[in-house]
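A short worksheet on the structure shown next.
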2 protein chains.
Amino acid sequence: MNTLAYGLLGLVARTPSSGYDLMLQLQPYWQAKHSQIYPLLAKLEQEGYMQFTRVHQTDRPDKKVYSITEKGEIALKLWLAEPTAEPVIRDELVLKAYCLQLTDEKAARAMFTERIEHCREQAESFMHIMQEMEQQTDGKHPDHPDHSAFSDYILLTWGYRRMQEDMKWCEWVLGLLEKGKADTE
Amino acid sequence: MNTLAYGLLGLVARTPSSGYDLMLQLQPYWQAKHSQIYPLLAKLEQEGYMQFTRVHQTDRPDKKVYSITEKGEIALKLWLAEPTAEPVIRDELVLKAYCLQLTDEKAARAMFTERIEHCREQAESFMHIMQEMEQQTDGKHPDHPDHSAFSDYILLTWGYRRMQEDMKWCEWVLGLLEKGKADTE
DNA sequence: TAGTGCATGTAAGCAGTTACATGATTGA
DNA sequence: TCAATCATGTAACTGCTTACATGCACTA
């Protein structure tokens with residue numbers, strides 16, 4: 001049982017889903033390819049944490065819809081009470097930023113503007129899902145812990161904020177680069 | 001040549017260092033254990049990207065001090081101009097936050113307060129290094145791209161801001177949990 | 001004398017990515 | 001007709017972690 005396994009358990013505990021769907025749902029919060037997810041789901045099913053039913057579809061390929069078992073729910077609750085691992089961040093841009101003096105201003109600026117663009121898109125995507133959610137939940141704001149969409153809401157906020165913060169840092173660096181260039185002229 | 005390899009190249013390009021020292025320098029920005037770094041350094045040396053000199057020490061074990069070669073510098077500059085990979089974040093807390101409804105308020109609060117404590121410590125550590133740096137650089141603020149400590153300064157700022165932002169999100173969630181509890185009473 | 005820091009390395013295993021493989025439907 | 005989306009899987013490989021292994025100097 002690794003972190004990804006618990007993540008999948010957490011998703012199916014809320015809504016029974018296919019492997020393909022789990023992959024898409026998990027994407028913004030834990031990057032995992034289908035080649036990692038499918039064998040793990042099979043293992044979780046064999047060990048009794050999940051069960052699946054084959055669902056026939058006419059317009060699309062058939063799918064396996066996984067749902068949590070009692071054993072799975074117990075394991076999930078135990079995991080929640082365990083100490084949480086520290087986050088791991090691996091950002092190539094940070095390593096490149098350390099070598100900024102080795103490159104020209106043009107390449108330096110490109111690095112940060114590309115990242116800003118990426119963050120802007122991601123932030124927009126998070127915001128879009130949040131707006132959809134607010135409309136679906138009959139106007140009730142999901143900021144209450146008892147609201148069914150509460151956890152979705154705090155996760156989306158997490159994603160949105162992270163993107164905003166990353167953008168701000170890049171813009172701050174770009175500002176310093178511009179200021180530095182102006183000084184030497 | 002993977003990202004970690006370029007990260008190590010970037011560090012030795014600035015200051016020739018031992019494997020042990022590189023591990024410590026890299027720690028806040030790219031988590032890598034010594035068992036991954038030592039074989040990689042050996043490979044980079046064999047392939048001509050780095051060279052090392054054995055430095056004898058009396059009070060401590062001898063060390064291998066690695067420095068960059070011409071080939072290494074060329075490779076490093078090419079890497080800087082290549083498109084940058086998107087960051088990877090794997091945070092167990094986010095996956096746990098999704099399952100918040102499955103646990104009690106006490107465990108939920110513990111999750112976020114522990115993270116806040118961790119971030120506070122990390123932020124303090126980043127801030128401490130920044131303050132030391134400002135004193136060493138004879139009062140000159142390292143916010144200019146030509147300053148020798150400019151890249152260190154922007155990386156430290158990155159780390160500090162990330163910790164601040166993570167803390168704020170946790171505090172925001174804790175606030176919502178408190179508010180929700182008060183409402184149901 | 002037990003633990004921490006400095007210093008380097010290997011081996012085994014788990015986690016994650018890339019590539020290979022198949023096949024239907026829908027839209028451009 | 002070509003690409004994309006849905007849907008599931010395996011194989012090979014790279015990246016990363018944990019554990020094993022050694023050894024000296026300093027400090028509590």
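The way I read the labels, and the way they are meant: chains A, B, ... in the order of the structure tokens, residue 1 as the first residue of every chain, and ligand 1 as the first ligand shown, with later ones counted on from there.
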Which residues of chain D are close to chain A, meaning at most 12 Å apart when you count only C-alpha atoms (C1' of nucleotides), and how do they look as a PyMOL selection string?
chain D and resi 5-11+16
Prev. selection, N, CA, C and O atoms (P, O5', C5', C4', C3', O3' and C1' of nucleotides), output as a PDB file, in the first residue's frame:
```pdb
ATOM      1  P    DT D   5      -8.401  14.783 -26.878  1.00  0.00           P
ATOM      2  O5'  DT D   5      -9.508  13.725 -26.454  1.00  0.00           O
ATOM      3  C5'  DT D   5     -10.871  13.912 -26.857  1.00  0.00           C
ATOM      4  C4'  DT D   5     -11.658  12.666 -26.492  1.00  0.00           C
ATOM      5  C3'  DT D   5     -11.275  12.070 -25.125  1.00  0.00           C
ATOM      6  O3'  DT D   5     -12.463  11.885 -24.355  1.00  0.00           O
ATOM      7  C1'  DT D   5     -11.297  10.393 -26.780  1.00  0.00           C
ATOM      8  P    DC D   6     -12.468  11.261 -22.909  1.00  0.00           P
ATOM      9  O5'  DC D   6     -12.822   9.736 -23.199  1.00  0.00           O
ATOM     10  C5'  DC D   6     -14.143   9.363 -23.604  1.00  0.00           C
ATOM     11  C4'  DC D   6     -14.193   7.862 -23.757  1.00  0.00           C
ATOM     12  C3'  DC D   6     -13.836   7.104 -22.465  1.00  0.00           C
ATOM     13  O3'  DC D   6     -14.848   6.154 -22.191  1.00  0.00           O
ATOM     14  C1'  DC D   6     -12.547   6.304 -24.284  1.00  0.00           C
ATOM     15  P    DA D   7     -15.030   5.562 -20.732  1.00  0.00           P
ATOM     16  O5'  DA D   7     -13.896   4.445 -20.715  1.00  0.00           O
ATOM     17  C5'  DA D   7     -14.124   3.205 -21.361  1.00  0.00           C
ATOM     18  C4'  DA D   7     -12.869   2.386 -21.480  1.00  0.00           C
ATOM     19  C3'  DA D   7     -11.906   2.361 -20.301  1.00  0.00           C
ATOM     20  O3'  DA D   7     -12.333   1.398 -19.333  1.00  0.00           O
ATOM     21  C1'  DA D   7     -10.852   2.077 -22.446  1.00  0.00           C
ATOM     22  P    DT D   8     -11.385   1.082 -18.041  1.00  0.00           P
ATOM     23  O5'  DT D   8     -10.301   0.083 -18.651  1.00  0.00           O
ATOM     24  C5'  DT D   8     -10.721  -1.138 -19.252  1.00  0.00           C
ATOM     25  C4'  DT D   8      -9.528  -1.905 -19.767  1.00  0.00           C
ATOM     26  C3'  DT D   8      -8.477  -2.191 -18.707  1.00  0.00           C
ATOM     27  O3'  DT D   8      -8.458  -3.563 -18.378  1.00  0.00           O
ATOM     28  C1'  DT D   8      -7.520  -1.511 -20.799  1.00  0.00           C
ATOM     29  P    DG D   9      -7.746  -4.064 -17.045  1.00  0.00           P
ATOM     30  O5'  DG D   9      -6.227  -4.152 -17.519  1.00  0.00           O
ATOM     31  C5'  DG D   9      -5.877  -5.333 -18.180  1.00  0.00           C
ATOM     32  C4'  DG D   9      -4.725  -5.100 -19.115  1.00  0.00           C
ATOM     33  C3'  DG D   9      -3.342  -5.132 -18.485  1.00  0.00           C
ATOM     34  O3'  DG D   9      -3.011  -6.450 -18.094  1.00  0.00           O
ATOM     35  C1'  DG D   9      -3.487  -3.793 -20.458  1.00  0.00           C
ATOM     36  P    DT D  10      -1.646  -6.748 -17.371  1.00  0.00           P
ATOM     37  O5'  DT D  10      -0.565  -6.668 -18.554  1.00  0.00           O
ATOM     38  C5'  DT D  10      -0.653  -7.514 -19.699  1.00  0.00           C
ATOM     39  C4'  DT D  10       0.620  -7.321 -20.501  1.00  0.00           C
ATOM     40  C3'  DT D  10       1.900  -7.598 -19.714  1.00  0.00           C
ATOM     41  O3'  DT D  10       2.761  -8.354 -20.560  1.00  0.00           O
ATOM     42  C1'  DT D  10       1.960  -5.374 -20.568  1.00  0.00           C
ATOM     43  P    DA D  11       4.147  -8.930 -20.022  1.00  0.00           P
ATOM     44  O5'  DA D  11       5.190  -7.835 -20.544  1.00  0.00           O
ATOM     45  C5'  DA D  11       5.171  -7.428 -21.909  1.00  0.00           C
ATOM     46  C4'  DA D  11       6.439  -6.654 -22.214  1.00  0.00           C
ATOM     47  C3'  DA D  11       7.662  -7.062 -21.376  1.00  0.00           C
ATOM     48  O3'  DA D  11       8.796  -7.048 -22.235  1.00  0.00           O
ATOM     49  C1'  DA D  11       7.141  -4.777 -20.964  1.00  0.00           C
ATOM     50  P    DC D  16      14.707  11.316  -9.868  1.00  0.00           P
ATOM     51  O5'  DC D  16      14.474  10.389  -8.603  1.00  0.00           O
ATOM     52  C5'  DC D  16      13.152   9.915  -8.310  1.00  0.00           C
ATOM     53  C4'  DC D  16      13.184   9.017  -7.108  1.00  0.00           C
ATOM     54  C3'  DC D  16      14.062   9.508  -5.962  1.00  0.00           C
ATOM     55  O3'  DC D  16      13.205   9.777  -4.849  1.00  0.00           O
ATOM     56  C1'  DC D  16      14.388   7.175  -6.388  1.00  0.00           C
TER      57       DC D  16
END
```
Both chains have the same sequence, so match all Cα atoms in order, fit chain B onto chain A by least squares, and return it as an mmCIF file with C-alpha atoms, in the first residue's frame.
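Produced file part-v4.cif, reproduced below:
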```
data_model
loop_
_atom_site.group_PDB
_atom_site.id
_atom_site.type_symbol
_atom_site.label_atom_id
_atom_site.label_comp_id
_atom_site.auth_asym_id
_atom_site.auth_seq_id
_atom_site.Cartn_x
_atom_site.Cartn_y
_atom_site.Cartn_z
ATOM 1 C CA MET B 1 0.042 0.002 0.019
ATOM 2 C CA ASN B 2 1.691 3.191 -1.204
ATOM 3 C CA THR B 3 0.426 6.778 -1.377
ATOM 4 C CA LEU B 4 -1.002 6.383 -4.868
ATOM 5 C CA ALA B 5 -2.963 3.327 -3.698
ATOM 6 C CA TYR B 6 -4.533 5.351 -0.877
ATOM 7 C CA GLY B 7 -5.257 8.182 -3.288
ATOM 8 C CA LEU B 8 -7.169 5.787 -5.559
ATOM 9 C CA LEU B 9 -8.978 4.308 -2.550
ATOM 10 C CA GLY B 10 -9.991 7.813 -1.511
ATOM 11 C CA LEU B 11 -11.435 8.555 -4.941
ATOM 12 C CA VAL B 12 -13.433 5.324 -5.262
ATOM 13 C CA ALA B 13 -14.670 5.734 -1.658
ATOM 14 C CA ARG B 14 -16.501 8.864 -2.796
ATOM 15 C CA THR B 15 -17.518 7.827 -6.313
ATOM 16 C CA PRO B 16 -17.104 4.366 -7.900
ATOM 17 C CA SER B 17 -15.127 4.939 -11.091
ATOM 18 C CA SER B 18 -13.219 3.270 -13.906
ATOM 19 C CA GLY B 19 -9.425 3.238 -14.045
ATOM 20 C CA TYR B 20 -9.500 5.688 -16.912
ATOM 21 C CA ASP B 21 -11.707 8.076 -14.967
ATOM 22 C CA LEU B 22 -9.554 7.756 -11.829
ATOM 23 C CA MET B 23 -6.499 8.685 -13.876
ATOM 24 C CA LEU B 24 -8.203 11.872 -15.087
ATOM 25 C CA GLN B 25 -9.549 12.816 -11.644
ATOM 26 C CA LEU B 26 -6.164 12.296 -9.998
ATOM 27 C CA GLN B 27 -4.135 14.132 -12.674
ATOM 28 C CA PRO B 28 -4.180 17.661 -11.160
ATOM 29 C CA TYR B 29 -3.092 16.432 -7.719
ATOM 30 C CA TRP B 30 -0.904 13.377 -8.293
ATOM 31 C CA GLN B 31 0.593 12.711 -11.703
ATOM 32 C CA ALA B 32 0.199 9.024 -12.544
ATOM 33 C CA LYS B 33 -0.011 7.359 -15.936
ATOM 34 C CA HIS B 34 -2.560 4.686 -16.803
ATOM 35 C CA SER B 35 0.273 2.130 -16.951
ATOM 36 C CA GLN B 36 0.803 2.635 -13.232
ATOM 37 C CA ILE B 37 -2.871 2.838 -12.268
ATOM 38 C CA TYR B 38 -4.269 -0.274 -13.999
ATOM 39 C CA PRO B 39 -1.899 -2.816 -12.425
ATOM 40 C CA LEU B 40 -2.322 -1.124 -9.028
ATOM 41 C CA LEU B 41 -6.124 -1.330 -9.246
ATOM 42 C CA ALA B 42 -5.837 -5.021 -10.123
ATOM 43 C CA LYS B 43 -3.618 -5.553 -7.079
ATOM 44 C CA LEU B 44 -5.986 -3.621 -4.787
ATOM 45 C CA GLU B 45 -8.884 -5.706 -6.073
ATOM 46 C CA GLN B 46 -6.997 -8.989 -5.565
ATOM 47 C CA GLU B 47 -6.135 -8.001 -2.018
ATOM 48 C CA GLY B 48 -9.740 -7.116 -1.225
ATOM 49 C CA TYR B 49 -9.506 -3.319 -0.857
ATOM 50 C CA MET B 50 -11.716 -2.739 -3.894
ATOM 51 C CA GLN B 51 -14.177 -4.653 -6.049
ATOM 52 C CA PHE B 52 -15.231 -4.041 -9.628
ATOM 53 C CA THR B 53 -18.206 -4.625 -11.869
ATOM 54 C CA ARG B 54 -17.867 -4.786 -15.633
ATOM 55 C CA VAL B 55 -20.136 -2.150 -17.184
ATOM 56 C CA HIS B 56 -21.164 -2.647 -20.783
ATOM 57 C CA GLN B 57 -21.347 0.417 -23.017
ATOM 58 C CA THR B 58 -22.645 0.543 -26.585
ATOM 59 C CA ASP B 59 -20.989 3.680 -27.950
ATOM 60 C CA ARG B 60 -17.760 3.259 -25.959
ATOM 61 C CA PRO B 61 -15.559 0.338 -24.841
ATOM 62 C CA ASP B 62 -16.754 -1.590 -21.791
ATOM 63 C CA LYS B 63 -15.302 -0.475 -18.479
ATOM 64 C CA LYS B 64 -14.508 -1.837 -15.031
ATOM 65 C CA VAL B 65 -16.145 0.292 -12.361
ATOM 66 C CA TYR B 66 -14.250 -0.020 -9.078
ATOM 67 C CA SER B 67 -15.840 0.572 -5.670
ATOM 68 C CA ILE B 68 -14.401 0.396 -2.169
ATOM 69 C CA THR B 69 -14.882 -2.606 0.154
ATOM 70 C CA GLU B 70 -15.141 -2.622 3.942
ATOM 71 C CA LYS B 71 -11.487 -3.652 4.172
ATOM 72 C CA GLY B 72 -10.591 -0.737 1.910
ATOM 73 C CA GLU B 73 -12.518 1.744 4.018
ATOM 74 C CA ILE B 74 -10.811 0.546 7.213
ATOM 75 C CA ALA B 75 -7.369 0.860 5.569
ATOM 76 C CA LEU B 76 -8.257 4.341 4.292
ATOM 77 C CA LYS B 77 -9.303 5.555 7.736
ATOM 78 C CA LEU B 78 -6.127 4.174 9.324
ATOM 79 C CA TRP B 79 -4.020 5.971 6.689
ATOM 80 C CA LEU B 80 -5.747 9.296 7.438
ATOM 81 C CA ALA B 81 -4.714 9.045 11.092
ATOM 82 C CA GLU B 82 -1.059 8.232 10.281
ATOM 83 C CA PRO B 83 1.538 11.012 10.108
ATOM 84 C CA THR B 84 1.625 12.681 6.682
ATOM 85 C CA ALA B 85 4.757 12.579 4.529
ATOM 86 C CA GLU B 86 6.339 15.882 3.579
ATOM 87 C CA PRO B 87 5.581 17.077 0.049
ATOM 88 C CA VAL B 88 8.033 16.384 -2.774
ATOM 89 C CA ILE B 89 8.556 19.107 -5.365
ATOM 90 C CA ARG B 90 10.775 18.604 -8.385
ATOM 91 C CA ASP B 91 10.917 21.703 -10.530
ATOM 92 C CA GLU B 92 13.469 21.893 -13.320
ATOM 93 C CA LEU B 93 12.947 25.666 -13.513
ATOM 94 C CA VAL B 94 14.384 26.119 -10.022
ATOM 95 C CA LEU B 95 17.566 24.249 -11.000
ATOM 96 C CA LYS B 96 17.812 26.338 -14.169
ATOM 97 C CA ALA B 97 17.251 29.546 -12.202
ATOM 98 C CA TYR B 98 20.368 28.699 -10.221
ATOM 99 C CA CYS B 99 22.420 28.842 -13.459
ATOM 100 C CA LEU B 100 20.904 32.094 -14.701
ATOM 101 C CA GLN B 101 24.306 33.783 -14.931
ATOM 102 C CA LEU B 102 25.426 31.243 -17.548
ATOM 103 C CA THR B 103 22.794 32.247 -20.071
ATOM 104 C CA ASP B 104 21.668 35.348 -21.968
ATOM 105 C CA GLU B 105 18.730 37.559 -20.968
ATOM 106 C CA LYS B 106 16.609 36.354 -23.851
ATOM 107 C CA ALA B 107 16.768 32.688 -22.805
ATOM 108 C CA ALA B 108 16.338 33.685 -19.158
ATOM 109 C CA ARG B 109 13.209 35.667 -19.915
ATOM 110 C CA ALA B 110 11.809 32.861 -22.113
ATOM 111 C CA MET B 111 12.158 30.367 -19.234
ATOM 112 C CA PHE B 112 9.998 32.436 -16.911
ATOM 113 C CA THR B 113 7.458 33.671 -19.456
ATOM 114 C CA GLU B 114 6.813 30.067 -20.565
ATOM 115 C CA ARG B 115 6.212 29.051 -16.970
ATOM 116 C CA ILE B 116 3.881 31.998 -16.424
ATOM 117 C CA GLU B 117 1.870 30.931 -19.449
ATOM 118 C CA HIS B 118 1.649 27.370 -18.161
ATOM 119 C CA CYS B 119 0.512 28.548 -14.705
ATOM 120 C CA ARG B 120 -2.042 30.916 -16.202
ATOM 121 C CA GLU B 121 -3.626 28.056 -18.153
ATOM 122 C CA GLN B 122 -3.654 25.757 -15.144
ATOM 123 C CA ALA B 123 -5.078 28.452 -12.861
ATOM 124 C CA GLU B 124 -7.807 29.163 -15.405
ATOM 125 C CA SER B 125 -8.660 25.461 -15.546
ATOM 126 C CA PHE B 126 -8.942 25.227 -11.735
ATOM 127 C CA MET B 127 -11.063 28.395 -11.667
ATOM 128 C CA HIS B 128 -13.301 27.057 -14.414
ATOM 129 C CA ILE B 129 -14.051 23.846 -12.491
ATOM 130 C CA MET B 130 -14.782 25.903 -9.355
ATOM 131 C CA GLN B 131 -17.256 28.111 -11.198
ATOM 132 C CA GLU B 132 -19.031 25.069 -12.643
ATOM 133 C CA MET B 133 -19.205 23.557 -9.154
ATOM 134 C CA GLU B 134 -20.759 26.688 -7.653
ATOM 135 C CA GLN B 135 -23.541 26.630 -10.253
ATOM 136 C CA GLN B 136 -24.250 22.916 -9.825
ATOM 137 C CA THR B 137 -24.544 23.120 -6.038
ATOM 138 C CA ASP B 138 -27.729 25.212 -6.251
ATOM 139 C CA GLY B 139 -26.021 28.413 -5.192
ATOM 140 C CA LYS B 140 -24.876 27.032 -1.834
ATOM 141 C CA HIS B 141 -21.236 27.930 -1.339
ATOM 142 C CA PRO B 142 -19.167 24.752 -0.719
ATOM 143 C CA ASP B 143 -17.027 26.379 1.975
ATOM 144 C CA HIS B 144 -18.779 24.428 4.749
ATOM 145 C CA PRO B 145 -17.169 21.127 5.905
ATOM 146 C CA ASP B 146 -20.537 19.355 5.681
ATOM 147 C CA HIS B 147 -21.092 20.377 2.073
ATOM 148 C CA SER B 148 -20.671 17.391 -0.257
ATOM 149 C CA ALA B 149 -18.239 19.333 -2.469
ATOM 150 C CA PHE B 150 -16.161 20.735 0.404
ATOM 151 C CA SER B 151 -13.043 18.620 -0.262
ATOM 152 C CA ASP B 152 -13.219 19.307 -4.003
ATOM 153 C CA TYR B 153 -13.440 22.994 -3.159
ATOM 154 C CA ILE B 154 -10.384 23.038 -0.903
ATOM 155 C CA LEU B 155 -8.326 21.014 -3.416
ATOM 156 C CA LEU B 156 -9.259 23.321 -6.272
ATOM 157 C CA THR B 157 -8.348 26.303 -4.123
ATOM 158 C CA TRP B 158 -5.004 24.644 -3.355
ATOM 159 C CA GLY B 159 -4.291 24.210 -7.049
ATOM 160 C CA TYR B 160 -5.384 27.688 -7.988
ATOM 161 C CA ARG B 161 -3.331 29.330 -5.243
ATOM 162 C CA ARG B 162 -0.227 27.334 -6.122
ATOM 163 C CA MET B 163 -0.416 28.483 -9.729
ATOM 164 C CA GLN B 164 -0.971 32.096 -8.673
ATOM 165 C CA GLU B 165 2.018 31.986 -6.335
ATOM 166 C CA ASP B 166 4.288 30.379 -8.936
ATOM 167 C CA MET B 167 3.277 33.040 -11.467
ATOM 168 C CA LYS B 168 3.964 35.840 -8.996
ATOM 169 C CA TRP B 169 7.459 34.503 -8.313
ATOM 170 C CA CYS B 170 8.237 34.293 -12.044
ATOM 171 C CA GLU B 171 6.936 37.825 -12.573
ATOM 172 C CA TRP B 172 9.034 39.047 -9.646
ATOM 173 C CA VAL B 173 12.179 37.459 -11.173
ATOM 174 C CA LEU B 174 11.355 38.963 -14.586
ATOM 175 C CA GLY B 175 11.015 42.356 -12.891
ATOM 176 C CA LEU B 176 14.453 42.021 -11.296
ATOM 177 C CA LEU B 177 15.957 41.020 -14.655
ATOM 178 C CA GLU B 178 14.399 44.073 -16.332
ATOM 179 C CA LYS B 179 15.536 46.383 -13.552
ATOM 180 C CA GLY B 180 19.078 44.962 -13.732
ATOM 181 C CA LYS B 181 19.199 45.443 -17.481
ATOM 182 C CA ALA B 182 18.058 49.082 -17.151
ATOM 183 C CA ASP B 183 20.740 49.745 -14.512
ATOM 184 C CA THR B 184 23.651 48.564 -16.656
ATOM 185 C CA GLU B 185 22.591 50.681 -19.657
#
```
Please determine the contact residues of chain C with respect to chain A at a cut-off of 12 Å, counting only C-alpha atoms (C1' of nucleotides), and supply them as a list in words.
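In the required form, that comes to DC14, DA15, DG16, DT17, DT18, DA19, DC20, DT22, DG23, DA24, DT25 and DT26 of chain C.
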Residue list (helix (DSSP H, G or I), DSSP) for chain B, as a PyMOL selection string
chain B and resi 3-14+19-26+34-46+70-81+92-98+100-102+105-136+150-184
Give me, as a list in words, all polymer residues having an atom no more than 12 Å from DA11 of chain C, counting only C-alpha atoms (C1' of nucleotides) and skipping those fewer than 5 positions away in the same chain.
Ser35 of chain B; DT18, DA19, DC20 and DA21 of chain D
Output as a ChimeraX atom specification all residues of segment 8-154 of chain B that backbone DSSP marks as strand (DSSP E).
/B:50-55,63-68,88-90
For atom C1' of DT1 of chain D and atom C1' of DG27 of chain C, the interatomic separation in Å (one decimal):
11.8 Å
Need the shell around DG3 of chain C: protein/DNA/RNA residues with any atom at most 10 Å away, counting only C-alpha atoms (C1' of nucleotides). Skip same-chain ones fewer than 2 positions apart. Format as a ChimeraX atom specification?
/C:1,5 /D:27-28
